[in-house]
>>> print(open('protein.pdb').read())   # PDB, C-alpha atoms, pLDDT in the B column
ATOM      1  CA  MET H  15     -42.490  -4.204 -11.034  1.00 54.00           C
ATOM      2  CA  ASP H  16     -40.090  -2.412 -13.366  1.00 70.00           C
ATOM      3  CA  VAL H  17     -37.315  -2.664 -10.772  1.00 78.00           C
ATOM      4  CA  GLN H  18     -34.309  -0.373 -11.159  1.00 88.00           C
ATOM      5  CA  ILE H  19     -31.006  -1.367  -9.533  1.00 93.00           C
ATOM      6  CA  HIS H  20     -27.424  -0.393 -10.293  1.00 95.00           C
ATOM      7  CA  LEU H  21     -25.463  -2.941 -12.330  1.00 95.00           C
ATOM      8  CA  SER H  22     -22.803  -3.250  -9.595  1.00 97.00           C
ATOM      9  CA  TRP H  23     -25.422  -4.515  -7.138  1.00 97.00           C
ATOM     10  CA  LYS H  24     -27.014  -6.809  -9.731  1.00 95.00           C
ATOM     11  CA  GLU H  25     -23.655  -8.499 -10.054  1.00 96.00           C
ATOM     12  CA  ALA H  26     -22.838  -8.506  -6.326  1.00 96.00           C
ATOM     13  CA  LEU H  27     -26.252  -9.950  -5.369  1.00 96.00           C
ATOM     14  CA  LYS H  28     -26.899 -12.270  -8.310  1.00 94.00           C
ATOM     15  CA  ASP H  29     -26.738 -15.356  -6.069  1.00 95.00           C
ATOM     16  CA  GLU H  30     -29.402 -13.925  -3.740  1.00 95.00           C
ATOM     17  CA  PHE H  31     -31.751 -13.053  -6.604  1.00 93.00           C
ATOM     18  CA  SER H  32     -31.764 -16.692  -7.719  1.00 93.00           C
ATOM     19  CA  LYS H  33     -32.535 -18.215  -4.297  1.00 96.00           C
ATOM     20  CA  PRO H  34     -35.989 -19.671  -3.526  1.00 96.00           C
ATOM     21  CA  TYR H  35     -36.739 -17.163  -0.745  1.00 96.00           C
ATOM     22  CA  PHE H  36     -36.282 -14.263  -3.169  1.00 95.00           C
ATOM     23  CA  GLU H  37     -38.505 -15.885  -5.757  1.00 95.00           C
ATOM     24  CA  GLN H  38     -41.128 -16.177  -3.013  1.00 95.00           C
ATOM     25  CA  ILE H  39     -40.829 -12.428  -2.313  1.00 95.00           C
ATOM     26  CA  VAL H  40     -41.436 -11.639  -5.989  1.00 94.00           C
ATOM     27  CA  THR H  41     -44.394 -14.032  -6.183  1.00 95.00           C
ATOM     28  CA  PHE H  42     -45.943 -12.530  -3.042  1.00 94.00           C
ATOM     29  CA  LEU H  43     -45.574  -8.938  -4.261  1.00 94.00           C
ATOM     30  CA  ARG H  44     -47.134  -9.814  -7.610  1.00 93.00           C
ATOM     31  CA  ALA H  45     -50.045 -11.448  -5.802  1.00 94.00           C
ATOM     32  CA  GLU H  46     -50.502  -8.390  -3.575  1.00 92.00           C
ATOM     33  CA  LYS H  47     -50.581  -6.151  -6.624  1.00 89.00           C
ATOM     34  CA  ALA H  48     -52.983  -8.470  -8.473  1.00 93.00           C
ATOM     35  CA  THR H  49     -55.457  -8.309  -5.585  1.00 93.00           C
ATOM     36  CA  GLY H  50     -55.380  -4.505  -5.512  1.00 92.00           C
ATOM     37  CA  LYS H  51     -53.174  -4.044  -2.459  1.00 91.00           C
ATOM     38  CA  GLN H  52     -51.207  -0.793  -2.462  1.00 93.00           C
ATOM     39  CA  ILE H  53     -47.512  -1.414  -1.822  1.00 94.00           C
ATOM     40  CA  PHE H  54     -44.895   1.198  -0.928  1.00 95.00           C
ATOM     41  CA  PRO H  55     -42.575   2.239  -2.404  1.00 95.00           C
ATOM     42  CA  PRO H  56     -43.675   1.900  -6.055  1.00 92.00           C
ATOM     43  CA  GLY H  57     -41.988  -0.922  -8.002  1.00 91.00           C
ATOM     44  CA  PRO H  58     -39.288   1.164  -9.720  1.00 93.00           C
ATOM     45  CA  LEU H  59     -38.178   2.534  -6.311  1.00 95.00           C
ATOM     46  CA  ILE H  60     -38.048  -0.692  -4.265  1.00 95.00           C
ATOM     47  CA  PHE H  61     -34.285  -0.910  -4.840  1.00 96.00           C
ATOM     48  CA  ASN H  62     -33.703   2.847  -4.957  1.00 97.00           C
ATOM     49  CA  ALA H  63     -31.003   2.719  -2.249  1.00 98.00           C
ATOM     50  CA  PHE H  64     -29.058   0.258  -4.403  1.00 97.00           C
ATOM     51  CA  ASN H  65     -29.636   2.329  -7.515  1.00 97.00           C
ATOM     52  CA  GLN H  66     -28.448   5.616  -5.995  1.00 97.00           C
ATOM     53  CA  THR H  67     -25.382   4.182  -4.203  1.00 98.00           C
ATOM     54  CA  PRO H  68     -23.326   1.764  -6.333  1.00 98.00           C
ATOM     55  CA  PHE H  69     -21.626  -1.084  -4.465  1.00 98.00           C
ATOM     56  CA  ASP H  70     -18.139   0.285  -5.084  1.00 97.00           C
ATOM     57  CA  LYS H  71     -19.077   3.704  -3.709  1.00 98.00           C
ATOM     58  CA  VAL H  72     -20.545   2.628  -0.346  1.00 98.00           C
ATOM     59  CA  SER H  73     -18.672   4.137   2.599  1.00 98.00           C
ATOM     60  CA  VAL H  74     -21.480   4.502   5.178  1.00 98.00           C
ATOM     61  CA  VAL H  75     -24.555   2.363   5.921  1.00 98.00           C
ATOM     62  CA  ILE H  76     -27.577   3.773   7.785  1.00 98.00           C
ATOM     63  CA  LEU H  77     -29.986   0.968   8.626  1.00 96.00           C
ATOM     64  CA  GLY H  78     -33.728   1.500   8.958  1.00 93.00           C
ATOM     65  CA  GLN H  79     -36.562  -0.931   9.645  1.00 90.00           C
ATOM     66  CA  ASP H  80     -39.173  -0.741   6.886  1.00 90.00           C
ATOM     67  CA  PRO H  81     -40.417   1.923   4.447  1.00 93.00           C
ATOM     68  CA  TYR H  82     -42.791   4.679   5.450  1.00 93.00           C
ATOM     69  CA  HIS H  83     -46.324   3.307   5.137  1.00 93.00           C
ATOM     70  CA  GLY H  84     -48.141   6.567   4.287  1.00 92.00           C
ATOM     71  CA  PRO H  85     -49.008   7.575   0.710  1.00 91.00           C
ATOM     72  CA  GLY H  86     -46.257   9.474  -1.068  1.00 93.00           C
ATOM     73  CA  GLN H  87     -43.620   9.083   1.662  1.00 95.00           C
ATOM     74  CA  ALA H  88     -41.561   5.990   0.797  1.00 95.00           C
ATOM     75  CA  HIS H  89     -39.082   6.101  -2.041  1.00 94.00           C
ATOM     76  CA  GLY H  90     -36.740   3.248  -1.315  1.00 96.00           C
ATOM     77  CA  MET H  91     -34.173   4.808   1.024  1.00 98.00           C
ATOM     78  CA  SER H  92     -34.238   4.594   4.818  1.00 97.00           C
ATOM     79  CA  PHE H  93     -35.544   7.711   6.601  1.00 97.00           C
ATOM     80  CA  SER H  94     -35.734   9.649   3.289  1.00 98.00           C
ATOM     81  CA  VAL H  95     -38.864  11.099   1.706  1.00 97.00           C
ATOM     82  CA  PRO H  96     -39.375  12.496  -1.806  1.00 96.00           C
ATOM     83  CA  GLY H  97     -38.981  16.213  -2.411  1.00 93.00           C
ATOM     84  CA  GLY H  98     -42.125  18.118  -1.501  1.00 91.00           C
ATOM     85  CA  VAL H  99     -42.917  15.821   1.447  1.00 94.00           C
ATOM     86  CA  LYS H 100     -42.352  17.249   4.926  1.00 93.00           C
ATOM     87  CA  PRO H 101     -39.772  15.259   6.930  1.00 95.00           C
ATOM     88  CA  PRO H 102     -41.516  12.751   9.241  1.00 95.00           C
ATOM     89  CA  PRO H 103     -40.722  12.993  12.987  1.00 96.00           C
ATOM     90  CA  SER H 104     -37.720  10.609  12.976  1.00 96.00           C
ATOM     91  CA  LEU H 105     -36.087  12.450  10.090  1.00 97.00           C
ATOM     92  CA  ALA H 106     -36.822  15.807  11.724  1.00 97.00           C
ATOM     93  CA  ASN H 107     -34.965  14.540  14.811  1.00 98.00           C
ATOM     94  CA  ILE H 108     -32.056  13.401  12.627  1.00 98.00           C
ATOM     95  CA  PHE H 109     -31.899  16.938  11.253  1.00 98.00           C
ATOM     96  CA  LYS H 110     -31.914  18.355  14.810  1.00 98.00           C
ATOM     97  CA  GLU H 111     -28.938  16.191  15.713  1.00 98.00           C
ATOM     98  CA  ILE H 112     -27.059  17.294  12.589  1.00 98.00           C
ATOM     99  CA  ARG H 113     -27.614  20.936  13.536  1.00 98.00           C
ATOM    100  CA  SER H 114     -26.413  20.280  17.084  1.00 98.00           C
ATOM    101  CA  ASP H 115     -23.488  18.071  16.053  1.00 98.00           C
ATOM    102  CA  ILE H 116     -21.931  19.907  13.123  1.00 98.00           C
ATOM    103  CA  GLY H 117     -23.806  23.212  12.994  1.00 97.00           C
ATOM    104  CA  VAL H 118     -25.332  22.631   9.566  1.00 97.00           C
ATOM    105  CA  GLU H 119     -28.777  24.144   9.108  1.00 95.00           C
ATOM    106  CA  MET H 120     -31.183  21.530   7.755  1.00 96.00           C
ATOM    107  CA  PRO H 121     -34.426  22.256   5.869  1.00 94.00           C
ATOM    108  CA  ALA H 122     -37.749  22.123   7.680  1.00 92.00           C
ATOM    109  CA  PHE H 123     -39.799  21.065   4.660  1.00 94.00           C
ATOM    110  CA  TYR H 124     -37.407  18.952   2.569  1.00 96.00           C
ATOM    111  CA  GLY H 125     -36.290  15.423   3.401  1.00 97.00           C
ATOM    112  CA  ASN H 126     -34.972  13.855   0.202  1.00 97.00           C
ATOM    113  CA  LEU H 127     -31.645  12.245   1.198  1.00 98.00           C
ATOM    114  CA  THR H 128     -30.545  11.377  -2.348  1.00 97.00           C
ATOM    115  CA  ARG H 129     -27.586  13.745  -1.954  1.00 98.00           C
ATOM    116  CA  TRP H 130     -26.268  11.569   0.889  1.00 98.00           C
ATOM    117  CA  ALA H 131     -26.806   8.421  -1.175  1.00 98.00           C
ATOM    118  CA  GLU H 132     -24.883   9.857  -4.105  1.00 98.00           C
ATOM    119  CA  GLN H 133     -21.914  10.462  -1.797  1.00 98.00           C
ATOM    120  CA  GLY H 134     -21.783   6.839  -0.613  1.00 98.00           C
ATOM    121  CA  VAL H 135     -24.360   6.584   2.185  1.00 98.00           C
ATOM    122  CA  LEU H 136     -26.354   3.379   1.666  1.00 98.00           C
ATOM    123  CA  LEU H 137     -29.778   4.126   3.156  1.00 98.00           C
ATOM    124  CA  LEU H 138     -30.857   0.533   3.736  1.00 97.00           C
ATOM    125  CA  ASN H 139     -34.173  -0.618   5.174  1.00 94.00           C
ATOM    126  CA  ALA H 140     -34.308  -4.164   6.581  1.00 92.00           C
ATOM    127  CA  ALA H 141     -37.571  -4.696   4.655  1.00 93.00           C
ATOM    128  CA  LEU H 142     -37.846  -3.078   1.242  1.00 95.00           C
ATOM    129  CA  THR H 143     -41.638  -2.984   0.932  1.00 95.00           C
ATOM    130  CA  VAL H 144     -44.696  -2.371   3.106  1.00 95.00           C
ATOM    131  CA  ARG H 145     -48.465  -2.409   2.649  1.00 94.00           C
ATOM    132  CA  ASN H 146     -50.295   0.929   2.709  1.00 94.00           C
ATOM    133  CA  GLY H 147     -51.095   1.898   6.299  1.00 93.00           C
ATOM    134  CA  GLU H 148     -49.684  -1.304   7.811  1.00 93.00           C
ATOM    135  CA  PRO H 149     -46.214  -0.869   9.342  1.00 89.00           C
ATOM    136  CA  ASN H 150     -44.048  -4.013   9.351  1.00 86.00           C
ATOM    137  CA  SER H 151     -46.621  -5.814   7.174  1.00 90.00           C
ATOM    138  CA  HIS H 152     -43.840  -7.261   4.979  1.00 92.00           C
ATOM    139  CA  ALA H 153     -41.276  -7.716   7.756  1.00 85.00           C
ATOM    140  CA  ARG H 154     -41.615 -11.522   7.677  1.00 85.00           C
ATOM    141  CA  LEU H 155     -41.751 -11.778   3.907  1.00 90.00           C
ATOM    142  CA  GLY H 156     -38.102 -12.744   3.446  1.00 93.00           C
ATOM    143  CA  TRP H 157     -36.627  -9.293   3.100  1.00 95.00           C
ATOM    144  CA  ALA H 158     -34.616  -9.736   6.314  1.00 93.00           C
ATOM    145  CA  GLU H 159     -32.766 -12.656   4.751  1.00 96.00           C
ATOM    146  CA  PHE H 160     -31.974 -10.511   1.724  1.00 95.00           C
ATOM    147  CA  THR H 161     -30.814  -7.439   3.620  1.00 95.00           C
ATOM    148  CA  ASP H 162     -28.803  -9.557   6.073  1.00 96.00           C
ATOM    149  CA  ALA H 163     -27.003 -10.918   3.020  1.00 97.00           C
ATOM    150  CA  VAL H 164     -26.348  -7.339   1.864  1.00 97.00           C
ATOM    151  CA  ILE H 165     -24.796  -6.429   5.223  1.00 98.00           C
ATOM    152  CA  ARG H 166     -22.644  -9.580   5.254  1.00 98.00           C
ATOM    153  CA  LEU H 167     -21.504  -8.912   1.699  1.00 98.00           C
ATOM    154  CA  LEU H 168     -20.488  -5.354   2.512  1.00 98.00           C
ATOM    155  CA  SER H 169     -18.704  -6.492   5.654  1.00 98.00           C
ATOM    156  CA  GLU H 170     -16.774  -9.211   3.811  1.00 98.00           C
ATOM    157  CA  ARG H 171     -15.862  -7.398   0.599  1.00 97.00           C
ATOM    158  CA  LYS H 172     -15.293  -3.834   1.801  1.00 98.00           C
ATOM    159  CA  GLU H 173     -13.030  -2.189   4.370  1.00 97.00           C
ATOM    160  CA  HIS H 174     -13.397   0.795   6.705  1.00 98.00           C
ATOM    161  CA  LEU H 175     -17.164   1.207   6.353  1.00 98.00           C
ATOM    162  CA  VAL H 176     -19.122   3.060   9.016  1.00 98.00           C
ATOM    163  CA  PHE H 177     -22.321   1.233  10.035  1.00 98.00           C
ATOM    164  CA  ILE H 178     -24.830   3.474  11.839  1.00 98.00           C
ATOM    165  CA  LEU H 179     -27.278   1.447  13.936  1.00 96.00           C
ATOM    166  CA  TRP H 180     -30.078   3.392  15.623  1.00 95.00           C
ATOM    167  CA  GLY H 181     -32.393   1.491  17.942  1.00 93.00           C
ATOM    168  CA  LYS H 182     -32.640  -2.106  19.101  1.00 91.00           C
ATOM    169  CA  PHE H 183     -33.793  -3.495  15.775  1.00 88.00           C
ATOM    170  CA  ALA H 184     -30.836  -2.112  13.842  1.00 93.00           C
ATOM    171  CA  GLN H 185     -28.406  -3.088  16.589  1.00 94.00           C
ATOM    172  CA  GLU H 186     -29.443  -6.732  16.263  1.00 93.00           C
ATOM    173  CA  LYS H 187     -27.612  -6.647  12.897  1.00 95.00           C
ATOM    174  CA  GLN H 188     -24.292  -5.869  14.604  1.00 96.00           C
ATOM    175  CA  ALA H 189     -23.431  -9.582  14.679  1.00 97.00           C
ATOM    176  CA  LEU H 190     -23.264  -9.549  10.846  1.00 98.00           C
ATOM    177  CA  ILE H 191     -20.474  -6.943  10.816  1.00 98.00           C
ATOM    178  CA  ASP H 192     -16.749  -7.651  11.136  1.00 98.00           C
ATOM    179  CA  GLU H 193     -15.709  -4.967  13.619  1.00 98.00           C
ATOM    180  CA  THR H 194     -12.023  -5.657  13.045  1.00 98.00           C
ATOM    181  CA  LYS H 195     -12.496  -4.043   9.601  1.00 97.00           C
ATOM    182  CA  HIS H 196     -15.386  -1.623  10.116  1.00 98.00           C
ATOM    183  CA  THR H 197     -16.690   0.967  12.576  1.00 98.00           C
ATOM    184  CA  VAL H 198     -20.079   0.493  14.247  1.00 98.00           C
ATOM    185  CA  LEU H 199     -21.875   3.497  15.760  1.00 98.00           C
ATOM    186  CA  LYS H 200     -24.885   2.774  17.977  1.00 97.00           C
ATOM    187  CA  ALA H 201     -27.509   4.982  19.607  1.00 96.00           C
ATOM    188  CA  ALA H 202     -31.206   5.094  20.425  1.00 96.00           C
ATOM    189  CA  HIS H 203     -33.637   5.388  17.529  1.00 95.00           C
ATOM    190  CA  PRO H 204     -34.441   8.952  16.369  1.00 96.00           C
ATOM    191  CA  SER H 205     -38.160   8.317  16.825  1.00 95.00           C
ATOM    192  CA  PRO H 206     -39.895  10.850  19.116  1.00 95.00           C
ATOM    193  CA  PHE H 207     -40.460   7.948  21.537  1.00 93.00           C
ATOM    194  CA  SER H 208     -36.750   7.328  22.069  1.00 94.00           C
ATOM    195  CA  ALA H 209     -34.662  10.190  20.648  1.00 96.00           C
ATOM    196  CA  ASP H 210     -34.084  11.704  24.096  1.00 96.00           C
ATOM    197  CA  LYS H 211     -32.786   8.347  25.409  1.00 96.00           C
ATOM    198  CA  GLY H 212     -29.437   8.539  23.662  1.00 96.00           C
ATOM    199  CA  PHE H 213     -29.984   9.616  20.072  1.00 97.00           C
ATOM    200  CA  PHE H 214     -29.714  13.324  20.772  1.00 98.00           C
ATOM    201  CA  GLY H 215     -26.075  14.013  21.530  1.00 98.00           C
ATOM    202  CA  CYS H 216     -24.751  10.869  19.821  1.00 98.00           C
ATOM    203  CA  ARG H 217     -22.747  13.035  17.359  1.00 98.00           C
ATOM    204  CA  HIS H 218     -22.763  10.257  14.774  1.00 98.00           C
ATOM    205  CA  PHE H 219     -22.410  12.639  11.853  1.00 98.00           C
ATOM    206  CA  SER H 220     -19.142  14.183  12.993  1.00 98.00           C
ATOM    207  CA  LYS H 221     -17.897  10.796  14.239  1.00 98.00           C
ATOM    208  CA  THR H 222     -18.629   9.238  10.853  1.00 98.00           C
ATOM    209  CA  ASN H 223     -16.623  11.879   9.049  1.00 98.00           C
ATOM    210  CA  GLU H 224     -13.745  11.654  11.517  1.00 98.00           C
ATOM    211  CA  ASP H 225     -13.560   7.918  10.878  1.00 98.00           C
ATOM    212  CA  LEU H 226     -13.731   8.283   7.103  1.00 98.00           C
ATOM    213  CA  VAL H 227     -11.011  10.941   7.020  1.00 98.00           C
ATOM    214  CA  GLN H 228      -8.819   8.791   9.265  1.00 98.00           C
ATOM    215  CA  HIS H 229      -8.932   6.099   6.563  1.00 98.00           C
ATOM    216  CA  ASN H 230      -8.418   8.532   3.661  1.00 98.00           C
ATOM    217  CA  ILE H 231     -12.038   8.260   2.552  1.00 98.00           C
ATOM    218  CA  PRO H 232     -13.895  11.453   1.539  1.00 98.00           C
ATOM    219  CA  PRO H 233     -16.182  12.703   4.328  1.00 98.00           C
ATOM    220  CA  ILE H 234     -19.929  13.145   3.796  1.00 98.00           C
ATOM    221  CA  ASP H 235     -21.339  16.607   3.237  1.00 98.00           C
ATOM    222  CA  TRP H 236     -24.516  16.208   5.274  1.00 98.00           C
ATOM    223  CA  LYS H 237     -26.077  19.461   4.077  1.00 97.00           C
ATOM    224  CA  LEU H 238     -29.105  19.077   1.823  1.00 95.00           C
ATOM    225  CA  LEU H 239     -29.485  21.354  -1.180  1.00 87.00           C
ATOM    226  CA  THR H 240     -33.162  22.181  -1.598  1.00 84.00           C
ATOM    227  CA  PRO H 241     -34.517  22.830  -5.097  1.00 80.00           C
TER     228      PRO H 241
END
>>> encode(input="protein.pdb", output="structure tokens")
Amino acid sequence: MDVQIHLSWKEALKDEFSKPYFEQIVTFLRAEKATGKQIFPPGPLIFNAFNQTPFDKVSVVILGQDPYHGPGQAHGMSFSVPGGVKPPPSLANIFKEIRSDIGVEMPAFYGNLTRWAEQGVLLLNAALTVRNGEPNSHARLGWAEFTDAVIRLLSERKEHLVFILWGKFAQEKQALIDETKHTVLKAAHPSPFSADKGFFGCRHFSKTNEDLVQHNIPPIDWKLLTP
């Protein structure tokens, strides 16, 4: 699969990579590929979130569910799409909230969040792969065990992280986080089906930066620089 992952995460997660459940994930994905199934994101981008945000740099975690399942959309970071792809509805709503919260104008036709990742925002999906056109098709594959381990590891080894949990699915992960050491921000999911039930007006972007600054951690510049 030509996987690319930052050395810091390879070291931090080496125990997980050697466990039977992870070997089963690899075997399954190889079988899917061998039978002609189209899997998103492409192999080199499955661990893109871990490649763009080294373990030591993580200051914020935004948790998504699974990758976009349409061609050309997924590139291994929650809610993000490659340059040249119009932001899907949930990301467009995230941009609306940023405009409302901190007054930063966000692009209408650009949704690559790599700039956030490079600043320390781990854009983590609970499942790292999906079959073309079939949302949640790999949700029971074993990825949840892996990403739960990632959240526990961050909670145990780091301090003063901000975990952003949008929607019921993400909020079920709250139990993995030590809230005596970290900040948890919760709201409705930014999907068009639920954004007006508590996502809009949550002000999570300004709240995140207030928390980071309070702990002498550089705030996130949420603005995206389009090519």
>>> atom_distance(input="protein.pdb", atom1="atom CA of Asn150 of chain H", atom2="atom CA of Ile53 of chain H")
12.0 Å
>>> closest_residue(input="protein.pdb", among="H:Glu132, H:Arg171, H:Tyr82, H:Pro55", to="Ala26 of chain H", atoms="only C-alpha atoms")
H:Arg171
>>> closest_atom_pairs(input="protein.pdb", of="segment 15-134 of chain H", to="segment 177-198 of chain H", cutoff="10 Å", atoms="only C-alpha atoms", output="JSON lines")
{"residue": "H:Ser73", "atom": "CA", "partner": "H:Phe177", "partner_atom": "CA", "distance": 8.8}
{"residue": "H:Val74", "atom": "CA", "partner": "H:Phe177", "partner_atom": "CA", "distance": 5.9}
{"residue": "H:Val75", "atom": "CA", "partner": "H:Phe177", "partner_atom": "CA", "distance": 4.8}
{"residue": "H:Ile76", "atom": "CA", "partner": "H:Ile178", "partner_atom": "CA", "distance": 4.9}
{"residue": "H:Leu77", "atom": "CA", "partner": "H:Leu179", "partner_atom": "CA", "distance": 6.0}
{"residue": "H:Gly78", "atom": "CA", "partner": "H:Ala184", "partner_atom": "CA", "distance": 6.7}
{"residue": "H:Gln79", "atom": "CA", "partner": "H:Ala184", "partner_atom": "CA", "distance": 7.2}
>>> atom_distance(input="protein.pdb", atom1="atom CA of Gly156 of chain H", atom2="atom CA of Glu37 of chain H")
9.7 Å
>>> atom_distance(input="protein.pdb", atom1="atom CA of Thr222 of chain H", atom2="atom CA of Leu175 of chain H")
9.3 Å
>>> resolve_selection(input="protein.pdb", expression="the PyMOL selection byres ((chain H and resi 57) around 7)", output="list in words")
Met15, Asp16, Val17, Pro55, Pro56, Pro58, Leu59 and Ile60 of chain H
>>> closest_residue(input="protein.pdb", among="H:Lys237, H:Pro206, H:His218, H:Thr67", to="Ala106 of chain H", atoms="all atoms listed in the file")
H:Pro206
>>> residues_around(input="protein.pdb", residues="segment 212-214 of chain H", least_positions_apart="6", cutoff="7 Å", atoms="only C-alpha atoms", output="ChimeraX atom specification")
/H:111,201-204
>>> residues_around(input="protein.pdb", residues="Leu239 of chain H", least_positions_apart="3", cutoff="12 Å", atoms="all atoms listed in the file", output="PDB file with C-alpha atoms, keeping the file's coordinate frame")
ATOM      1  CA  GLY H  97     -38.981  16.213  -2.411  1.00 93.00           C
ATOM      2  CA  VAL H 118     -25.332  22.631   9.566  1.00 97.00           C
ATOM      3  CA  GLU H 119     -28.777  24.144   9.108  1.00 95.00           C
ATOM      4  CA  MET H 120     -31.183  21.530   7.755  1.00 96.00           C
ATOM      5  CA  PRO H 121     -34.426  22.256   5.869  1.00 94.00           C
ATOM      6  CA  PHE H 123     -39.799  21.065   4.660  1.00 94.00           C
ATOM      7  CA  TYR H 124     -37.407  18.952   2.569  1.00 96.00           C
ATOM      8  CA  GLY H 125     -36.290  15.423   3.401  1.00 97.00           C
ATOM      9  CA  ASN H 126     -34.972  13.855   0.202  1.00 97.00           C
ATOM     10  CA  LEU H 127     -31.645  12.245   1.198  1.00 98.00           C
ATOM     11  CA  THR H 128     -30.545  11.377  -2.348  1.00 97.00           C
ATOM     12  CA  ARG H 129     -27.586  13.745  -1.954  1.00 98.00           C
ATOM     13  CA  TRP H 130     -26.268  11.569   0.889  1.00 98.00           C
ATOM     14  CA  ASP H 235     -21.339  16.607   3.237  1.00 98.00           C
ATOM     15  CA  TRP H 236     -24.516  16.208   5.274  1.00 98.00           C
TER      16      TRP H 236
END
>>> closest_residue(input="protein.pdb", among="H:Asp80, H:Glu25, H:Asp162, H:Asp225", to="Phe54 of chain H", atoms="only C-alpha atoms")
H:Asp80
>>> residues_around(input="protein.pdb", residues="Phe36 of chain H", least_positions_apart="3", cutoff="9 Å", atoms="only C-alpha atoms", output="ChimeraX atom specification")
/H:30-33,39-41,156-157,159-160
>>> axis_aligned_box(input="protein.pdb", around="segment 66-74 of chain H", padding_each_side="8 Å", output="AutoDock Vina command-line options")
--center_x -23.3 --center_y 2.3 --center_z -0.6 --size_x 26.3 --size_y 22.7 --size_z 27.5
>>> closest_residue(input="protein.pdb", among="H:Lys24, H:Phe219, H:Ser205, H:Gly86", to="Asn146 of chain H", atoms="only C-alpha atoms")
H:Gly86
>>> resolve_selection(input="protein.pdb", expression="the PyMOL selection byres ((chain H and resi 63) around 6)", output="PyMOL selection string")
chain H and resi 61-62+64-66+90-91+137
>>> closest_residue(input="protein.pdb", among="H:Ser151, H:Ser92, H:Cys216, H:Gln87", to="Ser114 of chain H", atoms="all atoms listed in the file")
H:Cys216
>>> closest_residue(input="protein.pdb", among="H:His174, H:Ala153, H:Arg44, H:Leu138", to="Gln228 of chain H", atoms="only C-alpha atoms")
H:His174
>>> decode(input="protein.pdb", residues="segment 199-210 of chain H", atoms="N, CA, C and O atoms", output="PDB file, in the first residue's frame")
ATOM      1  N   LEU H 199     -14.128  19.712  23.933  1.00  0.00           N
ATOM      2  CA  LEU H 199     -15.180  20.589  23.407  1.00  0.00           C
ATOM      3  C   LEU H 199     -16.162  19.735  22.614  1.00  0.00           C
ATOM      4  O   LEU H 199     -15.758  18.979  21.732  1.00  0.00           O
ATOM      5  N   LYS H 200     -17.452  19.858  22.933  1.00  0.00           N
ATOM      6  CA  LYS H 200     -18.471  19.029  22.293  1.00  0.00           C
ATOM      7  C   LYS H 200     -19.554  19.908  21.663  1.00  0.00           C
ATOM      8  O   LYS H 200     -19.919  20.938  22.213  1.00  0.00           O
ATOM      9  N   ALA H 201     -20.058  19.448  20.522  1.00  0.00           N
ATOM     10  CA  ALA H 201     -21.178  20.118  19.862  1.00  0.00           C
ATOM     11  C   ALA H 201     -21.808  19.138  18.893  1.00  0.00           C
ATOM     12  O   ALA H 201     -21.291  18.033  18.679  1.00  0.00           O
ATOM     13  N   ALA H 202     -22.922  19.549  18.293  1.00  0.00           N
ATOM     14  CA  ALA H 202     -23.550  18.745  17.248  1.00  0.00           C
ATOM     15  C   ALA H 202     -22.596  18.618  16.062  1.00  0.00           C
ATOM     16  O   ALA H 202     -21.651  19.395  15.910  1.00  0.00           O
ATOM     17  N   HIS H 203     -22.865  17.637  15.223  1.00  0.00           N
ATOM     18  CA  HIS H 203     -22.042  17.424  14.029  1.00  0.00           C
ATOM     19  C   HIS H 203     -22.316  18.542  13.014  1.00  0.00           C
ATOM     20  O   HIS H 203     -23.444  19.043  12.920  1.00  0.00           O
ATOM     21  N   PRO H 204     -21.282  18.947  12.246  1.00  0.00           N
ATOM     22  CA  PRO H 204     -21.495  20.005  11.249  1.00  0.00           C
ATOM     23  C   PRO H 204     -22.262  19.586  10.009  1.00  0.00           C
ATOM     24  O   PRO H 204     -22.466  20.404   9.102  1.00  0.00           O
ATOM     25  N   SER H 205     -22.709  18.347   9.949  1.00  0.00           N
ATOM     26  CA  SER H 205     -23.525  17.900   8.823  1.00  0.00           C
ATOM     27  C   SER H 205     -24.751  18.802   8.660  1.00  0.00           C
ATOM     28  O   SER H 205     -25.296  19.321   9.636  1.00  0.00           O
ATOM     29  N   PRO H 206     -25.226  18.988   7.421  1.00  0.00           N
ATOM     30  CA  PRO H 206     -26.443  19.782   7.204  1.00  0.00           C
ATOM     31  C   PRO H 206     -27.653  19.262   7.983  1.00  0.00           C
ATOM     32  O   PRO H 206     -28.595  20.013   8.244  1.00  0.00           O
ATOM     33  N   PHE H 207     -27.625  17.988   8.373  1.00  0.00           N
ATOM     34  CA  PHE H 207     -28.750  17.409   9.112  1.00  0.00           C
ATOM     35  C   PHE H 207     -28.767  17.831  10.579  1.00  0.00           C
ATOM     36  O   PHE H 207     -29.785  17.696  11.254  1.00  0.00           O
ATOM     37  N   SER H 208     -27.627  18.304  11.083  1.00  0.00           N
ATOM     38  CA  SER H 208     -27.562  18.582  12.525  1.00  0.00           C
ATOM     39  C   SER H 208     -26.860  19.879  12.893  1.00  0.00           C
ATOM     40  O   SER H 208     -26.847  20.259  14.058  1.00  0.00           O
ATOM     41  N   ALA H 209     -26.291  20.581  11.920  1.00  0.00           N
ATOM     42  CA  ALA H 209     -25.474  21.764  12.233  1.00  0.00           C
ATOM     43  C   ALA H 209     -26.260  22.824  12.991  1.00  0.00           C
ATOM     44  O   ALA H 209     -25.709  23.538  13.843  1.00  0.00           O
ATOM     45  N   ASP H 210     -27.569  22.936  12.701  1.00  0.00           N
ATOM     46  CA  ASP H 210     -28.366  23.966  13.375  1.00  0.00           C
ATOM     47  C   ASP H 210     -28.885  23.501  14.733  1.00  0.00           C
ATOM     48  O   ASP H 210     -29.667  24.203  15.382  1.00  0.00           O
TER      49      ASP H 210
END
